[in-house]
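Visitor: My structure is in input_34.cif, and what it holds is mmCIF, C-alpha atoms:
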data_run
loop_
_atom_site.group_PDB
_atom_site.id
_atom_site.type_symbol
_atom_site.label_atom_id
_atom_site.label_comp_id
_atom_site.auth_asym_id
_atom_site.auth_seq_id
_atom_site.Cartn_x
_atom_site.Cartn_y
_atom_site.Cartn_z
ATOM 1 C CA MET X 1 0.000 0.000 0.000
ATOM 2 C CA ILE X 2 1.240 3.403 -0.911
ATOM 3 C CA ASP X 3 1.267 5.810 2.003
ATOM 4 C CA PRO X 4 -0.793 8.803 0.835
ATOM 5 C CA VAL X 5 0.544 11.034 3.622
ATOM 6 C CA SER X 6 4.149 10.478 2.539
ATOM 7 C CA ALA X 7 3.210 10.927 -1.111
ATOM 8 C CA PHE X 8 1.439 14.188 -0.281
ATOM 9 C CA ALA X 9 4.430 15.400 1.739
ATOM 10 C CA LEU X 10 6.725 14.610 -1.194
ATOM 11 C CA ALA X 11 4.494 16.484 -3.655
ATOM 12 C CA THR X 12 4.075 19.467 -1.322
ATOM 13 C CA GLY X 13 7.796 19.739 -0.611
ATOM 14 C CA ALA X 14 8.661 19.583 -4.301
ATOM 15 C CA PHE X 15 5.938 22.128 -5.125
ATOM 16 C CA ASN X 16 7.341 24.566 -2.559
ATOM 17 C CA MET X 17 10.859 24.160 -3.961
ATOM 18 C CA ILE X 18 9.651 24.736 -7.536
ATOM 19 C CA LYS X 19 7.719 27.810 -6.473
ATOM 20 C CA LYS X 20 10.698 29.289 -4.608
ATOM 21 C CA ALA X 21 13.087 28.559 -7.475
ATOM 22 C CA VAL X 22 10.829 30.106 -10.117
ATOM 23 C CA GLU X 23 10.106 33.154 -7.958
ATOM 24 C CA ALA X 24 13.851 33.570 -7.424
ATOM 25 C CA GLY X 25 14.323 33.690 -11.206
ATOM 26 C CA ARG X 26 16.030 30.326 -11.632
ATOM 27 C CA GLU X 27 15.755 28.580 -14.967
ATOM 28 C CA ILE X 28 13.234 25.808 -15.483
ATOM 29 C CA GLU X 29 16.094 23.348 -16.062
ATOM 30 C CA ASP X 30 17.175 23.899 -12.472
ATOM 31 C CA CYS X 31 13.779 22.632 -11.297
ATOM 32 C CA VAL X 32 13.570 19.396 -13.290
ATOM 33 C CA GLY X 33 14.384 17.232 -10.265
ATOM 34 C CA TYR X 34 11.687 18.948 -8.234
ATOM 35 C CA PHE X 35 9.171 18.432 -11.024
ATOM 36 C CA GLY X 36 10.048 14.744 -11.032
ATOM 37 C CA LYS X 37 9.464 14.508 -7.280
ATOM 38 C CA PHE X 38 6.245 16.506 -7.519
ATOM 39 C CA PHE X 39 4.848 14.247 -10.227
ATOM 40 C CA GLN X 40 6.021 11.160 -8.358
ATOM 41 C CA GLY X 41 4.063 12.337 -5.304
ATOM 42 C CA VAL X 42 1.010 13.123 -7.439
ATOM 43 C CA SER X 43 1.201 9.710 -9.076
ATOM 44 C CA ASP X 44 1.479 8.000 -5.674
ATOM 45 C CA ILE X 45 -1.507 9.984 -4.358
ATOM 46 C CA ASN X 46 -3.597 8.918 -7.355
ATOM 47 C CA LYS X 47 -2.567 5.286 -6.866
ATOM 48 C CA ALA X 48 -3.402 5.449 -3.146
ATOM 49 C CA GLU X 49 -6.826 6.865 -3.991
ATOM 50 C CA GLU X 50 -7.377 4.044 -6.478
ATOM 51 C CA GLU X 51 -6.377 1.464 -3.848
ATOM 52 C CA ALA X 52 -8.631 3.089 -1.244
ATOM 53 C CA LYS X 53 -11.600 2.802 -3.601
ATOM 54 C CA ASN X 54 -11.061 -0.929 -4.110
ATOM 55 C CA PRO X 55 -9.230 -2.411 -1.100
ATOM 56 C CA PRO X 56 -8.568 -6.153 -0.852
ATOM 57 C CA LEU X 57 -10.861 -8.210 1.395
ATOM 58 C CA PHE X 58 -8.209 -8.928 4.018
ATOM 59 C CA ARG X 59 -7.344 -5.251 4.236
ATOM 60 C CA LYS X 60 -10.997 -4.401 4.794
ATOM 61 C CA LEU X 61 -11.098 -6.881 7.656
ATOM 62 C CA LEU X 62 -7.680 -6.286 9.212
ATOM 63 C CA SER X 63 -7.065 -2.586 8.561
ATOM 64 C CA GLY X 64 -6.484 -0.417 11.598
ATOM 65 C CA GLY X 65 -8.125 2.647 10.043
ATOM 66 C CA SER X 66 -11.389 2.789 8.216
ATOM 67 C CA VAL X 67 -11.473 2.469 4.455
ATOM 68 C CA GLU X 68 -13.745 5.503 4.303
ATOM 69 C CA GLU X 69 -11.173 7.573 6.170
ATOM 70 C CA GLU X 70 -8.468 6.561 3.713
ATOM 71 C CA ALA X 71 -10.706 7.374 0.752
ATOM 72 C CA PHE X 72 -11.578 10.789 2.198
ATOM 73 C CA GLN X 73 -7.927 11.526 2.884
ATOM 74 C CA ALA X 74 -7.027 10.579 -0.695
ATOM 75 C CA VAL X 75 -9.749 12.863 -2.090
ATOM 76 C CA VAL X 76 -8.586 15.788 0.047
ATOM 77 C CA HIS X 77 -5.000 15.237 -1.066
ATOM 78 C CA ARG X 78 -6.067 15.055 -4.718
ATOM 79 C CA GLN X 79 -7.939 18.371 -4.419
ATOM 80 C CA LYS X 80 -4.963 20.071 -2.781
ATOM 81 C CA VAL X 81 -2.655 18.690 -5.475
ATOM 82 C CA GLN X 82 -4.991 20.060 -8.157
ATOM 83 C CA GLN X 83 -4.673 23.495 -6.532
ATOM 84 C CA MET X 84 -0.881 23.154 -6.565
ATOM 85 C CA GLU X 85 -0.939 22.089 -10.214
ATOM 86 C CA ASN X 86 -3.085 25.094 -11.136
ATOM 87 C CA GLU X 87 -0.690 27.403 -9.338
ATOM 88 C CA LEU X 88 2.277 25.778 -11.058
ATOM 89 C CA ARG X 89 0.572 26.170 -14.437
ATOM 90 C CA GLU X 90 0.022 29.870 -13.831
ATOM 91 C CA LEU X 91 3.520 30.387 -12.481
ATOM 92 C CA ILE X 92 5.244 28.544 -15.334
ATOM 93 C CA THR X 93 3.025 29.985 -18.046
ATOM 94 C CA TYR X 94 3.623 33.517 -16.764
ATOM 95 C CA ARG X 95 7.381 33.085 -16.290
ATOM 96 C CA TYR X 96 8.333 30.754 -19.149
ATOM 97 C CA GLY X 97 5.383 30.593 -21.535
ATOM 98 C CA VAL X 98 2.766 28.073 -22.576
ATOM 99 C CA GLU X 99 5.215 25.882 -24.503
ATOM 100 C CA THR X 100 7.270 25.203 -21.392
ATOM 101 C CA TYR X 101 4.120 24.230 -19.541
ATOM 102 C CA ARG X 102 3.256 21.799 -22.336
ATOM 103 C CA GLU X 103 6.729 20.293 -22.089
ATOM 104 C CA MET X 104 6.178 19.882 -18.364
ATOM 105 C CA LEU X 105 2.937 18.007 -19.033
ATOM 106 C CA GLN X 106 4.763 15.731 -21.471
ATOM 107 C CA MET X 107 7.370 15.027 -18.802
ATOM 108 C CA ARG X 108 4.559 14.191 -16.401
ATOM 109 C CA ARG X 109 3.089 11.664 -18.825
ATOM 110 C CA GLN X 110 6.488 10.036 -19.258
ATOM 111 C CA ILE X 111 7.022 9.781 -15.503
ATOM 112 C CA ARG X 112 3.553 8.330 -15.003
ATOM 113 C CA GLU X 113 4.081 5.725 -17.731
ATOM 114 C CA GLN X 114 7.460 4.763 -16.316
ATOM 115 C CA ARG X 115 6.075 4.366 -12.803
ATOM 116 C CA GLU X 116 3.118 2.326 -14.030
ATOM 117 C CA LYS X 117 5.411 -0.012 -15.925
ATOM 118 C CA THR X 118 7.913 -0.553 -13.171
ATOM 119 C CA ILE X 119 7.122 0.400 -9.618
ATOM 120 C CA TYR X 120 3.370 -0.108 -9.408
ATOM 121 C CA LYS X 121 3.394 -3.393 -11.308
ATOM 122 C CA GLN X 122 6.151 -4.677 -9.032
ATOM 123 C CA GLN X 123 4.174 -3.625 -5.957
ATOM 124 C CA GLU X 124 1.043 -5.305 -7.303
ATOM 125 C CA ARG X 125 2.946 -8.543 -7.987
ATOM 126 C CA ARG X 126 4.459 -8.484 -4.500
ATOM 127 C CA LYS X 127 1.079 -7.816 -2.903
ATOM 128 C CA ALA X 128 -0.588 -10.571 -4.943
ATOM 129 C CA PHE X 129 2.172 -12.993 -3.964
ATOM 130 C CA LEU X 130 1.701 -12.204 -0.266
ATOM 131 C CA TRP X 131 -2.090 -12.476 -0.394
ATOM 132 C CA ASN X 132 -1.903 -15.709 -2.380
ATOM 133 C CA GLY X 133 0.595 -17.087 0.126
ATOM 134 C CA LEU X 134 -1.702 -16.147 2.994
ATOM 135 C CA ALA X 135 -4.677 -17.760 1.267
ATOM 136 C CA LEU X 136 -2.633 -20.907 0.603
ATOM 137 C CA ALA X 137 -1.556 -21.047 4.252
ATOM 138 C CA ILE X 138 -5.168 -20.708 5.434
ATOM 139 C CA VAL X 139 -6.424 -23.367 3.035
ATOM 140 C CA SER X 140 -3.548 -25.687 3.954
ATOM 141 C CA SER X 141 -4.270 -25.203 7.646
ATOM 142 C CA GLY X 142 -7.942 -25.973 7.050
ATOM 143 C CA VAL X 143 -7.141 -29.114 5.068
ATOM 144 C CA GLY X 144 -4.671 -30.191 7.756
ATOM 145 C CA PHE X 145 -7.254 -29.640 10.477
ATOM 146 C CA VAL X 146 -9.894 -31.662 8.593
ATOM 147 C CA TRP X 147 -7.327 -34.417 7.992
ATOM 148 C CA TRP X 148 -6.478 -34.406 11.706
ATOM 149 C CA LEU X 149 -10.196 -34.685 12.580
ATOM 150 C CA ILE X 150 -10.622 -37.630 10.184
ATOM 151 C CA VAL X 151 -7.610 -39.428 11.640
ATOM 152 C CA LEU X 152 -8.882 -38.721 15.167
ATOM 153 C CA MET X 153 -12.338 -40.166 14.340
ATOM 154 C CA ILE X 154 -10.803 -43.250 12.768
ATOM 155 C CA ASP X 155 -8.639 -43.789 15.858
ATOM 156 C CA MET X 156 -11.690 -43.353 18.137
ATOM 157 C CA LYS X 157 -13.714 -45.931 16.166
ATOM 158 C CA GLY X 158 -10.874 -48.363 16.009
ATOM 159 C CA GLY X 159 -9.912 -48.113 19.646
#
Just dump the structure as structure tokens.
Guide:
Amino acid sequence: MIDPVSAFALATGAFNMIKKAVEAGREIEDCVGYFGKFFQGVSDINKAEEEAKNPPLFRKLLSGGSVEEEAFQAVVHRQKVQQMENELRELITYRYGVETYREMLQMRRQIREQREKTIYKQQERRKAFLWNGLALAIVSSGVGFVWWLIVLMIDMKGG
């Protein structure tokens, strides 16, 4: 599970650094790393919201916090990120022009595609492996218990 609070903190910190750098007159190239971190945080927030909307059964049962709370938190973070994105658009468009903003959006798409291909798929595989292992352990325990009961009944009849 992606921690939406950490993702939001990452996006907010990067946003503040971009804003300070642009206001100080630094070139957009100096902010590329911050843009990457901002978009990484935004991507993680979106993924956390997606996971909160459709949590696995075991998470629904075993989660310490409520699913509704997580979903609400994700929505609030998404709205705040949209405000930050709007402010960035205005700041970049005013300082560097519309074309630079379009390039930034292209970079965002590339980062999102890269993260989807690598990080999120790896996390999903790892999570599926763990849940499948847990399910296998539960089923195996159940089969073992039934086998033990059968053996016990046979011993009781025979003895």
Visitor: Residues within 7 Å of region 39-50 of chain X, please, as a count of residues only. Count only C-alpha atoms; anything in the same chain fewer than 5 positions from it doesn't count.
Guide: 14
Visitor: Grab the CA of Met84 (chain X) to CA of Ala9 (chain X) distance for me, in Å with one decimal place.
Guide: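 Interatomic distance, CA of Met84 (chain X) to CA of Ala9 (chain X): 12.5 Å.
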Visitor: Could you work out how far CA of Ile18 (chain X) lies from CA of Cys31 (chain X), giving the answer in Å with one decimal?
Guide: 6.0 Å
Visitor: Hey, can you check how far CA of Trp148 (chain X) sits from CA of Leu130 (chain X)?
Guide: 26.5 Å
Visitor: Here is a test: counting only C-alpha atoms, which residue of X:Trp131, X:Phe15, X:Tyr94, X:Phe35 is nearest to Met107 (chain X)?
Guide: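 Going through X:Trp131, X:Phe15, X:Tyr94, X:Phe35 one by one, the smallest distance to Met107 (chain X) is for X:Phe35.
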Visitor: Around all the atoms of region 70-81 of chain X listed in the file, draw an axis-aligned box and extend it by 3 Å on each of the six sides; I want its centre and edge lengths in Å to one decimal, as JSON.
Guide:
{"center_x": -7.1, "center_y": 13.3, "center_z": -0.9, "size_x": 14.9, "size_y": 19.5, "size_z": 15.2}
Visitor: Give me, as a list in words, all polymer residues having an atom no more than 9 Å from Leu91 (chain X), counting all atoms listed in the file and skipping those fewer than 5 positions away in the same chain.
Guide: Lys19, Val22, Glu23, Asn86 and Tyr96 of chain X
Visitor: Would you save the residues from that selection as a tab-separated table (two decimals), in the frame of the given file, using C-alpha atoms?
Guide:
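Written out: part-v4.tsv:
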chain	number	residue	atom	x	y	z
X	19	LYS	CA	7.72	27.81	-6.47
X	22	VAL	CA	10.83	30.11	-10.12
X	23	GLU	CA	10.11	33.15	-7.96
X	86	ASN	CA	-3.08	25.09	-11.14
X	96	TYR	CA	8.33	30.75	-19.15
Visitor: Counting only C-alpha atoms, which of X:Asp30, X:Lys53, X:Leu136, X:Glu90 gets nearest to Gln73 (chain X)?
Guide: X:Lys53
Visitor: With only C-alpha atoms as the atoms that count, which of X:Val98, X:Leu88, X:Met156, X:Glu51 lies nearest to Lys127 (chain X)?
Guide: X:Glu51
Visitor: Considering all atoms listed in the file, can you say which of X:Thr93, X:Gln106, X:Thr12, X:Ser141 comes closest to His77 (chain X)?
Guide: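 Selected residue with least distance to His77 (chain X): X:Thr12.
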Visitor: Rebuild region 70-97 of chain X to N, CA and C atoms - output it as a compact mmCIF listing (two decimals), keeping the file's coordinate frame, please.
Guide:
# COMPACT_ATOMS: atom_id res chain seq x y z
N GLU X 70 -9.53 6.55 4.71
CA GLU X 70 -8.47 6.56 3.71
C GLU X 70 -8.95 7.18 2.40
N ALA X 71 -10.16 6.82 1.99
CA ALA X 71 -10.71 7.37 0.75
C ALA X 71 -10.89 8.88 0.87
N PHE X 72 -11.38 9.35 2.00
CA PHE X 72 -11.58 10.79 2.20
C PHE X 72 -10.24 11.52 2.18
N GLN X 73 -9.26 10.93 2.85
CA GLN X 73 -7.93 11.53 2.88
C GLN X 73 -7.35 11.62 1.47
N ALA X 74 -7.54 10.58 0.68
CA ALA X 74 -7.03 10.58 -0.70
C ALA X 74 -7.71 11.66 -1.53
N VAL X 75 -9.01 11.85 -1.34
CA VAL X 75 -9.75 12.86 -2.09
C VAL X 75 -9.26 14.26 -1.70
N VAL X 76 -9.07 14.49 -0.42
CA VAL X 76 -8.59 15.79 0.05
C VAL X 76 -7.20 16.06 -0.52
N HIS X 77 -6.34 15.06 -0.51
CA HIS X 77 -5.00 15.24 -1.07
C HIS X 77 -5.07 15.53 -2.56
N ARG X 78 -5.94 14.82 -3.28
CA ARG X 78 -6.07 15.06 -4.72
C ARG X 78 -6.51 16.49 -4.99
N GLN X 79 -7.46 17.00 -4.21
CA GLN X 79 -7.94 18.37 -4.42
C GLN X 79 -6.83 19.38 -4.15
N LYS X 80 -6.06 19.16 -3.09
CA LYS X 80 -4.96 20.07 -2.78
C LYS X 80 -3.90 20.02 -3.88
N VAL X 81 -3.63 18.83 -4.40
CA VAL X 81 -2.66 18.69 -5.48
C VAL X 81 -3.15 19.41 -6.73
N GLN X 82 -4.44 19.34 -7.00
CA GLN X 82 -4.99 20.06 -8.16
C GLN X 82 -4.78 21.56 -8.00
N GLN X 83 -4.94 22.07 -6.79
CA GLN X 83 -4.67 23.50 -6.53
C GLN X 83 -3.20 23.82 -6.80
N MET X 84 -2.31 22.94 -6.34
CA MET X 84 -0.88 23.15 -6.56
C MET X 84 -0.57 23.12 -8.06
N GLU X 85 -1.17 22.18 -8.77
CA GLU X 85 -0.94 22.09 -10.21
C GLU X 85 -1.43 23.34 -10.93
N ASN X 86 -2.58 23.85 -10.53
CA ASN X 86 -3.08 25.09 -11.14
C ASN X 86 -2.13 26.25 -10.87
N GLU X 87 -1.63 26.33 -9.67
CA GLU X 87 -0.69 27.40 -9.34
C GLU X 87 0.62 27.25 -10.12
N LEU X 88 1.07 26.01 -10.25
CA LEU X 88 2.28 25.78 -11.06
C LEU X 88 2.06 26.17 -12.51
N ARG X 89 0.88 25.82 -13.05
CA ARG X 89 0.57 26.17 -14.44
C ARG X 89 0.63 27.68 -14.62
N GLU X 90 0.01 28.41 -13.72
CA GLU X 90 0.02 29.87 -13.83
C GLU X 90 1.43 30.42 -13.69
N LEU X 91 2.17 29.91 -12.74
CA LEU X 91 3.52 30.39 -12.48
C LEU X 91 4.43 30.12 -13.68
N ILE X 92 4.37 28.92 -14.22
CA ILE X 92 5.24 28.54 -15.33
C ILE X 92 4.82 29.25 -16.61
N THR X 93 3.51 29.31 -16.84
CA THR X 93 3.02 29.98 -18.05
C THR X 93 3.41 31.46 -18.03
N TYR X 94 3.28 32.09 -16.88
CA TYR X 94 3.62 33.52 -16.76
C TYR X 94 5.13 33.73 -16.93
N ARG X 95 5.93 32.88 -16.30
CA ARG X 95 7.38 33.08 -16.29
C ARG X 95 8.06 32.57 -17.56
N TYR X 96 7.61 31.40 -18.06
CA TYR X 96 8.33 30.75 -19.15
C TYR X 96 7.52 30.58 -20.42
N GLY X 97 6.21 30.73 -20.35
CA GLY X 97 5.38 30.59 -21.54
C GLY X 97 4.63 29.26 -21.57
